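Data first, discussion second: the structure below is written as C-alpha cells.
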Amino acid sequence: MTSIGGVEMVDWNLAVATATRLVRPGPEVSRDEARAVVAELRRHAKSSEEHVRAFTRMAVSGGPASDTPVLVVDRAGWIKANVAGFRQILKPLLGKMQDRRGGLPGGAVLGAVGGKVTGVELGMLLSFLASRVLGQYETFAPATRELPGSPGGGRLLLVAPNIVHVERELDVAPHDFRLWVSLHEETHRTQFTAVPWLRDHIESEIQAFLGETDVDPATLLERVREAFQSLSGGGRPGDEGDEEDGRGAPSIIELVQTPSQREILARLTAVMSLLEGHADYVMDGVGPEVVPSVAEIREKFQKRRASGAGRLDQALRKLLGLDAKLRQYRDGERFVRAVVNEVGMGGFNRVWTSPNTLPTKAEISKPAEWVARVHRKAES
C-alpha cells in the first residue's frame, strides 16, 4: 500500500507482536490432548457440511470460492489471520489517509510515529478478542503460505484453545460442544459459497462506509474522546440511550460516522443480523439430530454470552460495539425463525436471491413486513 519513505499508517508487524505478547495463555492441555482436539474439530467441520446443506437446502455453487479451507488455529494464528484481513479491507482508507498526511509538514515523521502507536492499539484490541472468538469465517483475508485460503477468497477458522476453554467453563460434553460450534461456522461458509454475490455485496458496502470516513485526525480523535466519555458516564446529556432495549450510550463505531455512513451501517447491520441469526437457527435446528445435549449447551451458552466476565469486560464490549453483535444474534435468529414458520425454508431462502431481497434493518424486527414485500409482491 501507499507509504511515505516506506512507512505505513499502521505497523502491522507490531500489531501482531503486541497482540501475541499480550494475549492470555490458553487452557492447559497435553500435546496428545491438543492433537486429539484438532483432529476432532477437523472431522466435525467436514461432517457439518452435509448437515448444514441438508437442513438449509442451500446448494454450493461451485467455482473457486466454494473450495474454502478449514484451519484449526491457536490464538496467535487467529491474530495473524485477522491482521491480514484488516490490512486487506482497510487498504483504500489508509491509502487516502496516507496521501493526506503526506502533504503535511513532517508527514513522514508523523507517519512513522502514528504507525507504531496504531499498531500497538490494534494489537491490544486483538489480544482482547483473541481469547473470546470460537470460530470465524474470514471473507476477505488473502491467502498466505502460513494461512492458506481459497482462490476466490475465504477460509474457515476454528480457534481450538477457546473452544476447549468454553466447554470446560460451561461443563458440557466436549464432543457435542465442538460439533455445535462447527455447525455455526459451517453455516457461514455455506452462506458465502452458496450465494456468489454475497461477498462482493458486503465488500462494496464496507468500502462505501470507509469511503465516507472523515479522515481529519482531529475530528476522529474528538469522536473517540466522546465515546470514552459516554462509556464512563461523562458524555453529553441525552447520551444515555434507551435503557429498555439495553442499548445505552453509543459505541465508537456509532459515533465515528456521517449521515451517509449511518444509512450504510443500517444495511450492514441488517445483513449481519441475518447471517448471524441464520447460523444460530441452523446450529440449533440441526442440533437435536446430531448433538444430544444441544438444549443444555444452548441454555448455558446464552447465559454466558449475555453476562460477560465482569465490569471491565462489559465496558470493553460496549466500547467496541460487541453488545450490538449480541443483539444481531438474537434479533436475526428471531427473524429467521418467524419467516421459516410463515413460509417454510424454501420461502425463507428467497432472501438469498439478490441484494434487493435482503431484509432491511426495520424488517429484521418485523419479519412479516419482509414476507409481505418479497412474497406477496412476487405473487401479485
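Residue numbering restarts at 1 in every chain; chains get A, B, ... in the order shown in the C-alpha cells, and ligands count up from 1 in that same order.
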Hey, which bits of range 36-90 of chain A sit within 12 Å of range 349-368 of chain A, and for each residue what's the closest pair of atoms and how far apart in Å (one decimal), counting only C-alpha atoms, rows by chain and increasing number, as JSON lines?
{"residue": "A:Phe55", "atom": "CA", "partner": "A:Asn349", "partner_atom": "CA", "distance": 11.6}
{"residue": "A:Thr56", "atom": "CA", "partner": "A:Asn349", "partner_atom": "CA", "distance": 8.1}
{"residue": "A:Arg57", "atom": "CA", "partner": "A:Asn349", "partner_atom": "CA", "distance": 8.2}
{"residue": "A:Met58", "atom": "CA", "partner": "A:Asn349", "partner_atom": "CA", "distance": 7.9}
{"residue": "A:Ala59", "atom": "CA", "partner": "A:Asn349", "partner_atom": "CA", "distance": 11.0}
DSSP on the backbone: what in range 120-211 of chain A comes out strand (DSSP E), as a ChimeraX atom specification?
-> /A:135-138,155-159
Polymer residues at most 8 Å from Leu179 in chain A, only C-alpha atoms, same-chain spacing of 5 or more positions, as a list in words | Leu41, His44, Ala45, Ser48 and Val291 of chain A
Name the residues in contact with range 136-150 of chain A at a cut-off of 9 Å, using only C-alpha atoms, excluding same-chain residues fewer than 2 positions from it; report them as an mmCIF file with C-alpha atoms, in the first residue's frame.
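Okay, result.cif is ready:
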data_model
loop_
_atom_site.group_PDB
_atom_site.id
_atom_site.type_symbol
_atom_site.label_atom_id
_atom_site.label_comp_id
_atom_site.auth_asym_id
_atom_site.auth_seq_id
_atom_site.Cartn_x
_atom_site.Cartn_y
_atom_site.Cartn_z
ATOM 1 C CA PRO A 64 -13.070 -21.007 -6.628
ATOM 2 C CA ALA A 65 -14.993 -19.574 -3.678
ATOM 3 C CA SER A 66 -16.523 -22.956 -2.808
ATOM 4 C CA ASP A 67 -13.127 -24.521 -2.123
ATOM 5 C CA THR A 68 -12.536 -22.870 1.249
ATOM 6 C CA PRO A 69 -10.082 -24.495 3.657
ATOM 7 C CA VAL A 70 -10.779 -25.235 7.318
ATOM 8 C CA LEU A 71 -7.950 -24.102 9.602
ATOM 9 C CA GLY A 77 -2.898 -17.936 14.485
ATOM 10 C CA LYS A 80 -2.222 -13.267 12.331
ATOM 11 C CA ALA A 81 -5.224 -14.137 10.186
ATOM 12 C CA ASN A 82 -7.204 -11.112 11.354
ATOM 13 C CA VAL A 83 -4.347 -8.678 10.911
ATOM 14 C CA ALA A 84 -4.098 -9.907 7.312
ATOM 15 C CA GLY A 85 -7.839 -9.328 6.911
ATOM 16 C CA PHE A 86 -7.711 -5.828 8.413
ATOM 17 C CA ARG A 87 -4.789 -4.956 6.185
ATOM 18 C CA GLN A 88 -6.712 -6.023 3.093
ATOM 19 C CA ILE A 89 -10.058 -4.393 3.808
ATOM 20 C CA VAL A 133 -13.663 -15.941 19.442
ATOM 21 C CA LEU A 134 -14.605 -19.610 18.968
ATOM 22 C CA GLY A 152 -11.923 -16.752 -4.576
ATOM 23 C CA GLY A 153 -11.371 -15.610 -1.005
ATOM 24 C CA GLY A 154 -12.437 -17.125 2.268
ATOM 25 C CA ARG A 155 -11.319 -19.593 4.907
ATOM 26 C CA LEU A 156 -12.902 -21.083 7.998
ATOM 27 C CA LEU A 157 -11.082 -20.703 11.318
ATOM 28 C CA LEU A 158 -11.790 -22.760 14.436
ATOM 29 C CA VAL A 159 -9.900 -21.475 17.497
ATOM 30 C CA GLU A 185 -19.271 -21.720 11.468
ATOM 31 C CA GLU A 186 -20.059 -24.116 8.625
ATOM 32 C CA HIS A 188 -21.355 -19.090 7.484
ATOM 33 C CA ARG A 189 -19.178 -20.906 4.967
ATOM 34 C CA PHE A 192 -20.895 -17.357 1.194
ATOM 35 C CA ARG A 199 -19.139 -11.453 -0.655
ATOM 36 C CA GLU A 203 -17.335 -5.685 0.496
#
